[in-house]
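Novice: This is the structure I want to talk about, given as structure tokens.
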Amino acid sequence: MSNADVPVVVGERKWVNHALGFAAWVTGLIFFFPVFWMVLNSFKTEQDANTAPKINFTPTLDRYDDVTKSASGLLSFGEAFTNSAVIVLISTLIVLTLAIPAAYALAIRPVHKWRDVLFFFISTKFLPVVASILPIWILAKNLNLLNSRNALIILYTGINLPLAIWMLRSFFSEIPRELIEAAEIDGASLKGQLTSIILPMAAPGIAATALLCVIFAWNEFFYAVQLNPVKGSTVPIWVTTNISTRGDFLAKLSAASVLACIPVVLAGWIAQKRMIRGLAMGAIK
Amino acid sequence: MSTTIRPEITPSIQPKVTRFQLSESWRRRLPLLPALLIMIVLTQVPFVMSIYYSFTDWKVVPPGPRNWVGLDNYDFLLHDHFFKDATVTSLQLTVFPVLGAILLGLGFALLLDRKFFGQGLVRTLLITPFLLMPVVVGLVWKNQMFHGLYGVLNWVIEKLGGTPVDWVSRHPTTSIIIVLIWQWTPFMMLIMLAGLQSQPADVLEAAKVDGAKPWAIFRQLTLGHLRPYMELGVLLGTIYLLQVYDQIAVMTGGGPGSTNVPYFVFQRSIGGGWEFGQASSFSIVVVIASIIIATFSLRVLSGLLKGEEIA
């Protein structure tokens with residue numbers, strides 16, 4: 001892969017184009033291989049999975065059966081997915097409800113020193129979650145929030161809010177000023193401006209932002225494992241319950257991993273173009 | 001906006017206008033307040049609590065009195081070689097993955113930023129690792145790619161005539177760096193693609209017409225255009241990678257070469273050490289260091305927060 005040949009515009013030779021297309025395919029396939037192998041392993045028996053890599057085997061769905069049937073006393077598949085779905089959806093909705101007005105106040109009718117405010121939001125991301133876990137654990141314990149969905153809903157809101165405000169602010173600042181000023185002269189309230197102009201125009205950006213929030217919340221492990229080890233636990237914890245210290249587990253683990261990742265991977269695949277456009281539109285400006 | 005012109009019309013309503021302007025600035029602040037309040041409660045309250053704990057000798061197990069010890073914890077940390085090791089590991093697990101992911105991401109983005117058969121499909125393959133759960137990524141790499149006996153990597157190494165390596169236990173830092181690069185390259189690639197696709201086509205066209213070589217165009221136009229996108233990638237990557245915990249927890253469970261500072265704080269506190277006072281002092285140092293790095297990179301180096309004033 002030579003950078004020299006890359007910025008192609010016109011008149012480049014055909015074979016260079018073909019060669020680079022081929023290089024892209026090879027890169028893509030190699031890069032994707034661990035995912036492919038995980039999916040393949042999930043259809044194997046443990047004997048077939050725990051041996052030198054092999055591709056000729058009789059596929060079976062039994063591992064999916066194993067991992068979705070509730071194991072004795074451990075977190076069940078159904079519980080984990082319900083908890084994750086509820087926690088992720090509610091926290092993402094709260095994030096958007098808070099971030100949209102905040103981004104308005106940073107981009108469209110900016111408050112005095114909006115840059116400092118934005119910097120404050122970003123700087124909170126530099127507080128390592130591990131550093132805040134002690135007080136949060138103590139607070140959650142005293143407020144009786146340990147092992148409840150509510151604790152994670154609140155914390156995931158905190159995790160995603162700064163990123164959402166940052167992204168939405170840049171999307172909002174792309175909206176032509178004239179449109180908003182026209183609406184203001186017509187006497188549109190904040191709510192009116194939001195629903196008639198800002199939200200429709202920033203819709204792709206809002207979707208990309210929401211998707212990122214969903215990805216980070218769905219995949220979050222640390223808070224979930226520390227605060228909800230017993231009840232109200234989420235999918236990442238459920239995945240780790242499929243590791244056993246005795247006996248082989250790779251095929252089972254692969255099946256659990258595939259199930260755990262499918263919702264977010266599908267959403268990401270569908271929204272990938274929008275995400276790229278979203279980043280191009282916003283993030284930088 | 002129209003309100004600011006009013007004083008010039010009739011000076012007699014001056015006092016009223018001043019009051020109105022006050023409420024105007026509050027009207028601007030109002031939409032911001034709920035988010036600001038929540039973030040202050042969720043981050044500053046724990047932070048202040050941590051600062052307080054860091055001046056005490058609080059041990060939770062075995063439960064004991066919480067005594068004020070002043071700067072003792074900080075003095076201890078300066079001389080604790082475990083903390084020093086964890087700091088070095090933290091830097092390794094941040095700098096190498098960020099650089100690796102940015103370079104690979106740029107390369108992939110350049111490959112994708114052209115028309116070829118199956119372009120969308122290749123892009124789909126390439127973004128997938130970013131969408132996977134970090135816990136899954138760690139476990140899958142450890143047990144199927146890095147595995148000493150059945151791992152794919154060792155299988156390839158043996159086919160090529162090399163000696164198999166016990167990746168995770170022998171080279172924990174490298175193993176985790178590889179996993180992190182694999183997971184973060186797609187994110188950097190998306191940012192770079194966004195940058196490439198927002199390049200003004202007419203400028204590139206003009207350069208081409210003027211007979212500029214592709215390499216010159218890339219170096220003089222594309223790289224300059226991509227700079228803010230790279231800064232964004234470095235910033236976001238650093239923020240998230242400084243805090244890596246999941247992959248370490250499931251791949252090595254800590255140890256020399258894989259315990260970064262967040263994992264160290266965890267080990268010393270709720271992970272079994274229960275020395276809340278001492279662990280708090282570690283986290284305070286991390287936070288302060290992070291804020292200094294962030295302030296420096298955001299305010300001094302980067303143009304990200306310097307865009308022209310909108311109001």
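Chains: A, B, ... in order of the structure tokens. Residues: from 1 per chain. Ligands: from 1, in order shown.
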For chain B against chain A, which residues fall within 6 Å using only C-alpha atoms, given as a list of chain:residue names?
Specialist: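 So the contacting residues turn out to be B:Arg28, B:Arg29, B:Pro31, B:Leu32, B:Ala35, B:Pro46, B:Leu111, B:Phe116, B:Val122, B:Leu125, B:Leu126, B:Leu131, B:Leu132, B:Met133, B:Val136, B:Tyr150, B:Leu190, B:Ala194, B:Pro214, B:Trp215, B:Gln243, B:Pro262, B:Ser283, B:Val287, B:Ser290.
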Novice: Would you mind exporting the chosen residues as a tab-separated table (two decimals), in the first residue's frame, restricted to C-alpha atoms?
Specialist:
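Saved result, out03.tsv, follows:
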chain	number	residue	atom	x	y	z
B	28	ARG	CA	-29.28	31.82	27.17
B	29	ARG	CA	-27.93	29.86	30.10
B	31	PRO	CA	-31.02	25.32	28.33
B	32	LEU	CA	-27.50	24.54	29.45
B	35	ALA	CA	-26.79	19.12	31.59
B	46	PRO	CA	-17.02	12.14	43.48
B	111	LEU	CA	-7.59	2.71	0.33
B	116	PHE	CA	-13.69	-0.08	-6.56
B	122	VAL	CA	-14.87	-3.73	2.54
B	125	LEU	CA	-15.63	-5.39	7.24
B	126	LEU	CA	-13.18	-2.76	8.40
B	131	LEU	CA	-18.55	-2.05	17.16
B	132	LEU	CA	-17.60	-5.13	19.19
B	133	MET	CA	-17.78	-5.18	22.97
B	136	VAL	CA	-15.56	-9.78	23.79
B	150	TYR	CA	-4.65	-23.63	19.51
B	190	LEU	CA	-14.03	6.76	10.03
B	194	ALA	CA	-14.80	11.99	6.95
B	214	PRO	CA	-0.10	12.54	-6.54
B	215	TRP	CA	2.49	12.40	-3.76
B	243	GLN	CA	-8.87	4.54	30.81
B	262	PRO	CA	-6.73	2.70	36.31
B	283	SER	CA	-6.60	8.64	41.08
B	287	VAL	CA	-6.88	13.19	36.99
B	290	SER	CA	-4.89	14.08	32.42
Novice: Quick one: everything within 10 Å of Phe264 of chain B, counting only C-alpha atoms, minus sequence neighbours fewer than 4 positions away in the same chain. Send it as a PyMOL selection string.
Specialist: (chain A and resi 130) or (chain B and resi 82-83+85-87+245+254-255+258-260+268-269+271+273+279+282-283)
Novice: Can you spit out the residues from that selection as an mmCIF file, in the first residue's frame, using C-alpha atoms?
Specialist:
data_model
loop_
_atom_site.group_PDB
_atom_site.id
_atom_site.type_symbol
_atom_site.label_atom_id
_atom_site.label_comp_id
_atom_site.auth_asym_id
_atom_site.auth_seq_id
_atom_site.Cartn_x
_atom_site.Cartn_y
_atom_site.Cartn_z
ATOM 1 C CA VAL A 130 -11.830 3.948 37.850
ATOM 2 C CA PHE B 82 4.352 -0.263 41.471
ATOM 3 C CA PHE B 83 2.778 3.094 40.782
ATOM 4 C CA ASP B 85 5.389 0.776 36.638
ATOM 5 C CA ALA B 86 1.677 1.346 36.219
ATOM 6 C CA THR B 87 2.349 4.855 34.901
ATOM 7 C CA TYR B 245 -9.785 -1.480 31.900
ATOM 8 C CA GLY B 254 -3.335 -7.332 35.825
ATOM 9 C CA GLY B 255 0.339 -8.051 36.373
ATOM 10 C CA SER B 258 -0.451 -4.964 31.835
ATOM 11 C CA THR B 259 -1.499 -3.126 34.992
ATOM 12 C CA ASN B 260 -2.101 0.454 33.932
ATOM 13 C CA ARG B 268 -5.603 -1.246 45.471
ATOM 14 C CA SER B 269 -9.232 -0.470 46.322
ATOM 15 C CA GLY B 271 -10.339 -5.049 43.615
ATOM 16 C CA GLY B 273 -6.667 -3.880 48.421
ATOM 17 C CA ALA B 279 -6.006 4.499 46.049
ATOM 18 C CA PHE B 282 -3.426 7.631 42.850
ATOM 19 C CA SER B 283 -6.601 8.640 41.084
#
Novice: What lies within 12 Å of Trp167 of chain B using only C-alpha atoms, ignoring chain neighbours under 4 positions off, as a list of chain:residue names?
Specialist: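 Residues near the query, excluding close chain neighbours: B:Trp141, B:Lys142, B:Asn143, B:Gln144, B:Met145, B:Phe146, B:His147, B:Gly148, B:Leu149, B:Tyr150, B:Gly151, B:Val152, B:Leu153, B:Asn154, B:Ile157, B:Thr163, B:His171, B:Pro172, B:Thr173, B:Thr174, B:Ser175, B:Ile176, B:Ile177, B:Ile178, B:Val179, B:Met251, B:Thr252.
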Novice: Could you tell me, as number ranges by chain, which residues of segment 152-252 of chain A DSSP assigns to helix (DSSP H, G or I) when given the backbone?
Specialist: A: 152-172, 177-185, 190-219, 222-227, 235-240, 250-252
Novice: In terms of the shortest atom-to-atom distance over only C-alpha atoms, which of A:Lys113, A:Arg63, A:Arg246, A:Arg149 is closest to Glu46 of chain A?
Specialist: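 Checking each candidate against Glu46 of chain A, we get A:Arg63 as the closest.
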Novice: Counting only C-alpha atoms, which of B:Pro186, B:Pro228, B:Gly118, B:Pro62 gets nearest to Phe130 of chain B?
Specialist: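 Ranking B:Pro186, B:Pro228, B:Gly118, B:Pro62 by distance to Phe130 of chain B, first place goes to B:Pro186.
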Novice: Which residue out of A:Pro229, A:Glu178, A:Leu75, A:Ser42 has the minimum interatomic distance to Val140 of chain B when only C-alpha atoms are used?
Specialist: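 Of A:Pro229, A:Glu178, A:Leu75, A:Ser42, the one nearest Val140 of chain B is A:Ser42, counting only C-alpha atoms.
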Novice: Would you work out the distance separating atom CA of Met49 of chain B from atom CA of Ala217 of chain A, expressed in Å to one decimal?
Specialist: 25.2 Å
Novice: So that I can check the surroundings of Asp72 of chain B, please list as a PDB file with N, CA and C atoms, in the first residue's frame every protein, DNA and RNA residue that reaches within 12 Å of it, counting only C-alpha atoms and ignoring chain neighbours fewer than 4 positions away.
Specialist:
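The new file selection-v7.pdb reads:
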ATOM      1  N   TYR B  53     -10.729  11.768  50.607  1.00  0.00           N
ATOM      2  CA  TYR B  53     -10.228  10.435  50.987  1.00  0.00           C
ATOM      3  C   TYR B  53      -8.711  10.358  50.857  1.00  0.00           C
ATOM      4  N   SER B  54      -8.176  11.066  49.839  1.00  0.00           N
ATOM      5  CA  SER B  54      -6.747  10.931  49.563  1.00  0.00           C
ATOM      6  C   SER B  54      -5.891  11.504  50.696  1.00  0.00           C
ATOM      7  N   PHE B  55      -6.508  12.301  51.566  1.00  0.00           N
ATOM      8  CA  PHE B  55      -5.771  12.838  52.722  1.00  0.00           C
ATOM      9  C   PHE B  55      -6.000  12.011  53.979  1.00  0.00           C
ATOM     10  N   THR B  56      -6.649  10.852  53.817  1.00  0.00           N
ATOM     11  CA  THR B  56      -6.917  10.011  54.984  1.00  0.00           C
ATOM     12  C   THR B  56      -6.250   8.651  54.818  1.00  0.00           C
ATOM     13  N   ASP B  57      -6.238   7.888  55.907  1.00  0.00           N
ATOM     14  CA  ASP B  57      -5.652   6.549  55.838  1.00  0.00           C
ATOM     15  C   ASP B  57      -6.761   5.500  55.817  1.00  0.00           C
ATOM     16  N   ASN B  67      -8.510   8.381  59.595  1.00  0.00           N
ATOM     17  CA  ASN B  67      -7.710   9.464  60.171  1.00  0.00           C
ATOM     18  C   ASN B  67      -7.132  10.362  59.086  1.00  0.00           C
ATOM     19  N   TRP B  68      -7.059  11.630  59.418  1.00  0.00           N
ATOM     20  CA  TRP B  68      -6.433  12.609  58.531  1.00  0.00           C
ATOM     21  C   TRP B  68      -4.931  12.391  58.548  1.00  0.00           C
ATOM     22  N   PHE B  76       3.911   8.631  49.768  1.00  0.00           N
ATOM     23  CA  PHE B  76       4.055   7.195  49.517  1.00  0.00           C
ATOM     24  C   PHE B  76       4.084   6.904  48.019  1.00  0.00           C
ATOM     25  N   LEU B  77       3.173   7.542  47.291  1.00  0.00           N
ATOM     26  CA  LEU B  77       3.030   7.270  45.852  1.00  0.00           C
ATOM     27  C   LEU B  77       4.266   7.666  45.061  1.00  0.00           C
ATOM     28  N   LEU B  78       4.950   8.729  45.538  1.00  0.00           N
ATOM     29  CA  LEU B  78       6.162   9.154  44.847  1.00  0.00           C
ATOM     30  C   LEU B  78       7.239   8.081  44.914  1.00  0.00           C
ATOM     31  N   HIS B  79       7.178   7.262  45.975  1.00  0.00           N
ATOM     32  CA  HIS B  79       8.226   6.266  46.157  1.00  0.00           C
ATOM     33  C   HIS B  79       7.762   4.852  45.854  1.00  0.00           C
ATOM     34  N   GLY B 277      -8.022   5.255  50.981  1.00  0.00           N
ATOM     35  CA  GLY B 277      -7.280   6.500  51.122  1.00  0.00           C
ATOM     36  C   GLY B 277      -6.139   6.583  50.121  1.00  0.00           C
ATOM     37  N   GLN B 278      -5.327   5.521  50.127  1.00  0.00           N
ATOM     38  CA  GLN B 278      -4.170   5.500  49.246  1.00  0.00           C
ATOM     39  C   GLN B 278      -4.577   5.470  47.768  1.00  0.00           C
ATOM     40  N   SER B 281      -5.474   8.763  46.331  1.00  0.00           N
ATOM     41  CA  SER B 281      -4.385   9.663  45.968  1.00  0.00           C
ATOM     42  C   SER B 281      -3.854   9.322  44.575  1.00  0.00           C
TER      43      SER B 281
END
Novice: Rounded to one decimal in Å, what is the spacing between atom CA of Pro59 of chain A and atom CA of Thr128 of chain B?
Specialist: 23.6 Å
Novice: Near Val234 of chain B, counting only C-alpha atoms, which residues have an atom at most 12 Å away, once you skip same-chain residues fewer than 6 positions from it, shown as a ChimeraX atom specification?
Specialist: /B:94-103,105,184-185,187-188,191-192,227-228,240-242,293-294,297-298,301-302,304
Novice: For those residues, write C-alpha atoms to a file as a short mmCIF file (atom, residue, chain, number, x, y, z; two decimals), in the first residue's frame.
Specialist:
data_model
loop_
_atom_site.label_atom_id
_atom_site.label_comp_id
_atom_site.auth_asym_id
_atom_site.auth_seq_id
_atom_site.Cartn_x
_atom_site.Cartn_y
_atom_site.Cartn_z
CA THR B 94 -2.10 4.84 25.26
CA VAL B 95 0.64 6.19 23.00
CA PHE B 96 1.27 3.07 20.87
CA PRO B 97 -2.40 2.23 20.25
CA VAL B 98 -3.27 5.84 19.40
CA LEU B 99 -0.36 6.19 16.97
CA GLY B 100 -0.86 2.72 15.49
CA ALA B 101 -4.58 3.21 15.04
CA ILE B 102 -4.17 6.66 13.47
CA LEU B 103 -1.58 5.44 10.95
CA GLY B 105 -6.75 4.22 10.02
CA TRP B 184 -9.48 1.54 17.50
CA THR B 185 -8.27 1.57 13.88
CA PHE B 187 -12.75 4.63 14.58
CA MET B 188 -9.72 6.54 13.31
CA ILE B 191 -12.66 10.12 11.15
CA MET B 192 -10.04 10.13 8.36
CA ARG B 227 -4.72 17.79 10.38
CA PRO B 228 -7.74 18.79 12.48
CA TYR B 240 -10.66 6.55 25.96
CA LEU B 241 -7.39 4.62 25.88
CA LEU B 242 -6.00 6.22 29.04
CA ILE B 293 -2.33 17.03 29.09
CA ALA B 294 -5.83 17.79 27.85
CA SER B 297 -3.31 19.67 23.73
CA LEU B 298 -6.70 21.34 23.37
CA LEU B 301 -1.60 22.62 20.09
CA SER B 302 -4.94 22.18 18.49
CA LEU B 304 -10.30 22.37 17.71
#
Novice: Find the distance between atom CA of Arg13 of chain A and atom CA of Met189 of chain B and write it in Å to one decimal.
Specialist: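 Atom-to-atom, atom CA of Arg13 of chain A to atom CA of Met189 of chain B, that is 25.7 Å.
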